[in-house]
Amino acid sequence: MVGSLVVGALWAMLPAYVPNNAAVIFGGGRPIDGGRTWGGRRLLGDGKTWRGTLAGTLAGTLLALVLNRAAPVVEGLVGFVLPTFPLAVGVALAFGAMLGDIGASFVKRRTGRERGAAFPGLDQLDFVVGALGLAALVAPAWFAATFPPLALVVVLAATPVLHLVTNGIAYLLRLKDEPW
Ligand code: CTP
Ligand code: MG
């Protein structure tokens, strides 16, 4: 059933959606690049910190464990089986999301964009690609079962919209400096 496939895939993405927001809330402190530059520009910039990366990874992993507990209840409501997260998958989705975001900052600095500058497309998909990529690497069988091609298309199409909405809310709550 297409509906259960789509809902299941979005459910499976939740541990990848929260890390960025947790990093915004709990981030700060020492930048990962330690202030280092490359070609006159920061390697990553002050917006990518150890604390934010750790907080994001922990938050996403924790959510995966909570979703495992919540799945039976939600399954009773929706009437189909939801994906569950082995610990390694939860970590991969959360840390992969952070890695994708860090990779995007690297690309932004190389292309001359200052911290906080928008890079439409990259900003909305960096963490999805990172999360899905690392999950596929760590747990190929789980990945193939959870994200058949149609589910991947839905996730890639829906995520930028969800991302813009959550970041817009974070901006209105003054948690983020820019709405992207
Ligand atoms: N953050 C963090 N560590 C991370 C990711 C984010 O501490 N690994 C925090 C930073 O305080 C950052 C904020 O979350 O400023 C917003 O994240 P993001 O928009 O990804 O960073 P920007 O500051 O916009 O920097 P960049 O241009 O590099 O994306
Ligand atoms: Mg930003």
# chains A, B, ... in the order shown; residues from 1 in each chain; ligands from 1

$ residues_around --residues "Glu178 (chain A)" --least-positions-apart "2" --cutoff "10 Å" --atoms "only C-alpha atoms" --output "list in words"
Gly116, Ala117, Ala118, Asn167, Gly168, Ala170, Tyr171, Leu172, Arg174, Leu175, Lys176 and Trp180 of chain A

$ residues_near_ligand --ligand "ligand 2" --cutoff "12 Å" --atoms "only C-alpha atoms and all ligand atoms" --output "VMD selection string"
chain A and resid 20 to 21 23 to 24 44 to 48 101 to 102 104 to 105 108 113 to 120 122 to 124 126 163 to 164 167 to 168 170 to 171 175 to 180

$ write_last_selection --atoms "C-alpha atoms" --output "PDB file, in the first residue's frame"
ATOM      1  CA  ASN A  20      19.700  20.127  12.988  1.00  0.00           C
ATOM      2  CA  ASN A  21      17.161  21.644  15.336  1.00  0.00           C
ATOM      3  CA  ALA A  23      22.185  21.667  17.122  1.00  0.00           C
ATOM      4  CA  VAL A  24      20.579  25.099  16.797  1.00  0.00           C
ATOM      5  CA  LEU A  44      33.666  25.071   7.988  1.00  0.00           C
ATOM      6  CA  GLY A  45      32.996  28.238   9.994  1.00  0.00           C
ATOM      7  CA  ASP A  46      31.784  29.070  13.495  1.00  0.00           C
ATOM      8  CA  GLY A  47      28.331  27.611  12.783  1.00  0.00           C
ATOM      9  CA  LYS A  48      29.600  24.004  12.998  1.00  0.00           C
ATOM     10  CA  ASP A 101      25.091  19.606   7.160  1.00  0.00           C
ATOM     11  CA  ILE A 102      28.823  19.890   7.880  1.00  0.00           C
ATOM     12  CA  ALA A 104      27.299  21.596   3.048  1.00  0.00           C
ATOM     13  CA  SER A 105      29.105  24.222   5.149  1.00  0.00           C
ATOM     14  CA  LYS A 108      29.452  26.920   1.116  1.00  0.00           C
ATOM     15  CA  ARG A 113      29.454  32.035   1.062  1.00  0.00           C
ATOM     16  CA  GLU A 114      29.758  33.476   4.560  1.00  0.00           C
ATOM     17  CA  ARG A 115      28.326  31.767   7.616  1.00  0.00           C
ATOM     18  CA  GLY A 116      24.550  31.830   7.491  1.00  0.00           C
ATOM     19  CA  ALA A 117      24.367  32.522   3.750  1.00  0.00           C
ATOM     20  CA  ALA A 118      21.672  30.546   1.937  1.00  0.00           C
ATOM     21  CA  PHE A 119      22.446  27.918  -0.653  1.00  0.00           C
ATOM     22  CA  PRO A 120      18.994  26.943  -1.967  1.00  0.00           C
ATOM     23  CA  LEU A 122      21.820  22.313  -0.620  1.00  0.00           C
ATOM     24  CA  ASP A 123      20.441  23.742   2.653  1.00  0.00           C
ATOM     25  CA  GLN A 124      17.297  21.635   2.356  1.00  0.00           C
ATOM     26  CA  ASP A 126      22.309  18.135   2.698  1.00  0.00           C
ATOM     27  CA  HIS A 163      12.680  21.749   6.512  1.00  0.00           C
ATOM     28  CA  LEU A 164      11.537  25.209   5.402  1.00  0.00           C
ATOM     29  CA  ASN A 167      13.291  26.477  10.152  1.00  0.00           C
ATOM     30  CA  GLY A 168      10.691  29.185   9.643  1.00  0.00           C
ATOM     31  CA  ALA A 170      12.734  28.304  14.636  1.00  0.00           C
ATOM     32  CA  TYR A 171      13.325  31.741  13.091  1.00  0.00           C
ATOM     33  CA  LEU A 175      16.186  30.317  17.837  1.00  0.00           C
ATOM     34  CA  LYS A 176      17.720  30.752  14.392  1.00  0.00           C
ATOM     35  CA  ASP A 177      19.172  33.897  12.823  1.00  0.00           C
ATOM     36  CA  GLU A 178      17.908  33.108   9.327  1.00  0.00           C
ATOM     37  CA  PRO A 179      14.763  31.327   8.182  1.00  0.00           C
ATOM     38  CA  TRP A 180      16.751  28.676   6.161  1.00  0.00           C
TER      39      TRP A 180
END

$ closest_residue --among "A:Leu67, A:Leu162, A:Ala135, A:Ile25" --to "Gly8 (chain A)" --atoms "only C-alpha atoms"
A:Leu67

$ closest_residue --among "A:Gly133, A:Gly28, A:Gly35, A:Gly40" --to "Gly52 (chain A)" --atoms "only C-alpha atoms"
A:Gly28

$ closest_residue --among "A:Gly112, A:Gly79, A:Pro86, A:Gly3" --to "ligand 1" --atoms "only C-alpha atoms and all ligand atoms"
A:Gly112

$ closest_residue --among "A:Leu82, A:Val18, A:Leu99, A:Val107" --to "Arg69 (chain A)" --atoms "only C-alpha atoms"
A:Leu82

$ select_by_dssp --residues "region 12-175 of chain A" --states "helix (DSSP H, G or I)" --output "number ranges by chain"
A: 12-26, 50-78, 87-110, 122-138, 140-146, 149-172

$ closest_residue --among "A:Phe127, A:Phe85, A:Phe95, A:Trp142" --to "Thr53 (chain A)" --atoms "only C-alpha atoms"
A:Phe95

$ residues_around --residues "Leu65 (chain A)" --least-positions-apart "2" --cutoff "10 Å" --atoms "only C-alpha atoms" --output "number ranges by chain"
A: 15, 60-63, 67-70, 84-87, 90

$ write_last_selection --atoms "N, CA and C atoms" --output "CSV table (one decimal), in the first residue's frame"
chain,number,residue,atom,x,y,z
A,15,PRO,N,14.4,10.6,12.9
A,15,PRO,CA,15.7,10.7,13.6
A,15,PRO,C,16.7,11.6,12.8
A,60,GLY,N,18.9,12.8,17.8
A,60,GLY,CA,18.3,12.0,16.8
A,60,GLY,C,18.3,10.5,17.2
A,61,THR,N,19.4,10.1,17.9
A,61,THR,CA,19.5,8.7,18.3
A,61,THR,C,18.4,8.4,19.4
A,62,LEU,N,18.3,9.4,20.3
A,62,LEU,CA,17.3,9.2,21.4
A,62,LEU,C,15.9,9.1,20.8
A,63,LEU,N,15.6,10.0,19.8
A,63,LEU,CA,14.3,10.0,19.1
A,63,LEU,C,14.0,8.6,18.5
A,67,LEU,N,10.9,6.4,19.3
A,67,LEU,CA,9.9,5.9,18.2
A,67,LEU,C,9.8,4.4,18.3
A,68,ASN,N,10.8,3.7,18.6
A,68,ASN,CA,10.7,2.2,18.7
A,68,ASN,C,9.7,1.9,19.8
A,69,ARG,N,9.6,2.6,20.9
A,69,ARG,CA,8.7,2.4,21.9
A,69,ARG,C,7.3,2.8,21.5
A,70,ALA,N,7.2,3.9,20.7
A,70,ALA,CA,5.9,4.4,20.4
A,70,ALA,C,5.3,3.7,19.2
A,84,THR,N,11.2,0.0,12.5
A,84,THR,CA,11.8,0.3,13.8
A,84,THR,C,13.3,0.5,13.5
A,85,PHE,N,14.0,1.0,14.5
A,85,PHE,CA,15.4,1.4,14.3
A,85,PHE,C,16.3,0.6,15.2
A,86,PRO,N,17.1,-0.3,14.6
A,86,PRO,CA,18.2,-0.8,15.4
A,86,PRO,C,19.1,0.4,15.8
A,87,LEU,N,19.8,0.2,16.9
A,87,LEU,CA,20.6,1.3,17.5
A,87,LEU,C,21.5,1.9,16.4
A,90,GLY,N,19.7,4.2,14.1
A,90,GLY,CA,19.4,5.5,14.7
A,90,GLY,C,20.6,6.4,14.7

$ select_by_dssp --residues "region 2-105 of chain A" --states "strand (DSSP E)" --output "list in words"
Thr37, Trp38, Arg41 and Arg42 of chain A

$ write_last_selection --atoms "all heavy atoms" --output "PDB file, in the first residue's frame"
ATOM      1  N   THR A  37      41.628  27.835   8.317  1.00  0.00           N
ATOM      2  CA  THR A  37      41.171  28.331   7.020  1.00  0.00           C
ATOM      3  C   THR A  37      41.796  27.512   5.896  1.00  0.00           C
ATOM      4  O   THR A  37      42.768  26.795   6.092  1.00  0.00           O
ATOM      5  CB  THR A  37      41.552  29.805   6.831  1.00  0.00           C
ATOM      6  OG1 THR A  37      42.972  29.932   6.957  1.00  0.00           O
ATOM      7  CG2 THR A  37      40.869  30.689   7.868  1.00  0.00           C
ATOM      8  N   TRP A  38      41.200  27.657   4.731  1.00  0.00           N
ATOM      9  CA  TRP A  38      41.730  27.014   3.529  1.00  0.00           C
ATOM     10  C   TRP A  38      41.456  27.985   2.374  1.00  0.00           C
ATOM     11  O   TRP A  38      40.315  28.382   2.167  1.00  0.00           O
ATOM     12  CB  TRP A  38      41.057  25.658   3.272  1.00  0.00           C
ATOM     13  CG  TRP A  38      41.666  24.913   2.116  1.00  0.00           C
ATOM     14  CD1 TRP A  38      42.900  25.116   1.558  1.00  0.00           C
ATOM     15  CD2 TRP A  38      41.057  23.863   1.352  1.00  0.00           C
ATOM     16  NE1 TRP A  38      43.098  24.234   0.528  1.00  0.00           N
ATOM     17  CE2 TRP A  38      41.996  23.463   0.372  1.00  0.00           C
ATOM     18  CE3 TRP A  38      39.819  23.206   1.416  1.00  0.00           C
ATOM     19  CZ2 TRP A  38      41.737  22.445  -0.550  1.00  0.00           C
ATOM     20  CZ3 TRP A  38      39.571  22.195   0.491  1.00  0.00           C
ATOM     21  CH2 TRP A  38      40.512  21.811  -0.476  1.00  0.00           C
ATOM     22  N   ARG A  41      39.643  31.175   3.372  1.00  0.00           N
ATOM     23  CA  ARG A  41      38.299  31.090   3.955  1.00  0.00           C
ATOM     24  C   ARG A  41      38.255  29.987   4.998  1.00  0.00           C
ATOM     25  O   ARG A  41      39.014  29.029   4.943  1.00  0.00           O
ATOM     26  CB  ARG A  41      37.265  30.783   2.868  1.00  0.00           C
ATOM     27  CG  ARG A  41      37.191  31.868   1.832  1.00  0.00           C
ATOM     28  CD  ARG A  41      36.083  31.599   0.844  1.00  0.00           C
ATOM     29  NE  ARG A  41      36.100  32.573  -0.242  1.00  0.00           N
ATOM     30  CZ  ARG A  41      35.632  33.806  -0.139  1.00  0.00           C
ATOM     31  NH1 ARG A  41      35.083  34.206   0.994  1.00  0.00           N
ATOM     32  NH2 ARG A  41      35.690  34.634  -1.158  1.00  0.00           N
ATOM     33  N   ARG A  42      37.332  30.146   5.949  1.00  0.00           N
ATOM     34  CA  ARG A  42      37.194  29.130   6.997  1.00  0.00           C
ATOM     35  C   ARG A  42      36.906  27.757   6.382  1.00  0.00           C
ATOM     36  O   ARG A  42      36.183  27.654   5.384  1.00  0.00           O
ATOM     37  CB  ARG A  42      36.077  29.518   7.955  1.00  0.00           C
ATOM     38  CG  ARG A  42      36.453  30.657   8.883  1.00  0.00           C
ATOM     39  CD  ARG A  42      37.464  30.210   9.915  1.00  0.00           C
ATOM     40  NE  ARG A  42      36.860  29.266  10.832  1.00  0.00           N
ATOM     41  CZ  ARG A  42      36.149  29.620  11.902  1.00  0.00           C
ATOM     42  NH1 ARG A  42      35.989  30.892  12.199  1.00  0.00           N
ATOM     43  NH2 ARG A  42      35.619  28.703  12.679  1.00  0.00           N
TER      44      ARG A  42
END

$ atom_distance --atom1 "CA of Val128 (chain A)" --atom2 "CA of Phe143 (chain A)"
13.4 Å

$ closest_residue --among "A:Val6, A:Leu77, A:Ala97, A:Met1" --to "Pro149 (chain A)" --atoms "only C-alpha atoms"
A:Val6

$ residues_around --residues "Val2 (chain A)" --least-positions-apart "3" --cutoff "12 Å" --atoms "only C-alpha atoms" --output "JSON, numbers by chain"
{"A": [5, 6, 7, 8, 9, 80, 148, 149, 150, 151, 154]}

$ write_last_selection --atoms "C-alpha atoms" --output "PDB file, in the first residue's frame"
ATOM      1  CA  LEU A   5       5.042   3.099   2.397  1.00  0.00           C
ATOM      2  CA  VAL A   6       5.090   6.897   2.438  1.00  0.00           C
ATOM      3  CA  VAL A   7       4.158   7.250   6.108  1.00  0.00           C
ATOM      4  CA  GLY A   8       6.722   4.590   7.008  1.00  0.00           C
ATOM      5  CA  ALA A   9       9.478   6.360   5.081  1.00  0.00           C
ATOM      6  CA  PHE A  80      -0.018  -0.907   9.375  1.00  0.00           C
ATOM      7  CA  PRO A 148      12.167   1.476  -1.790  1.00  0.00           C
ATOM      8  CA  PRO A 149      12.623   3.855  -4.778  1.00  0.00           C
ATOM      9  CA  LEU A 150       9.139   5.366  -4.494  1.00  0.00           C
ATOM     10  CA  ALA A 151       9.698   6.126  -0.800  1.00  0.00           C
ATOM     11  CA  VAL A 154       8.647  11.036  -1.612  1.00  0.00           C
TER      12      VAL A 154
END

$ atom_distance --atom1 "CA of Val155 (chain A)" --atom2 "CA of Gly76 (chain A)"
23.6 Å

$ atom_distance --atom1 "atom 15 (O, counted along the ligand's line) of ligand 1" --atom2 "CA of Gly27 (chain A)"
7.4 Å
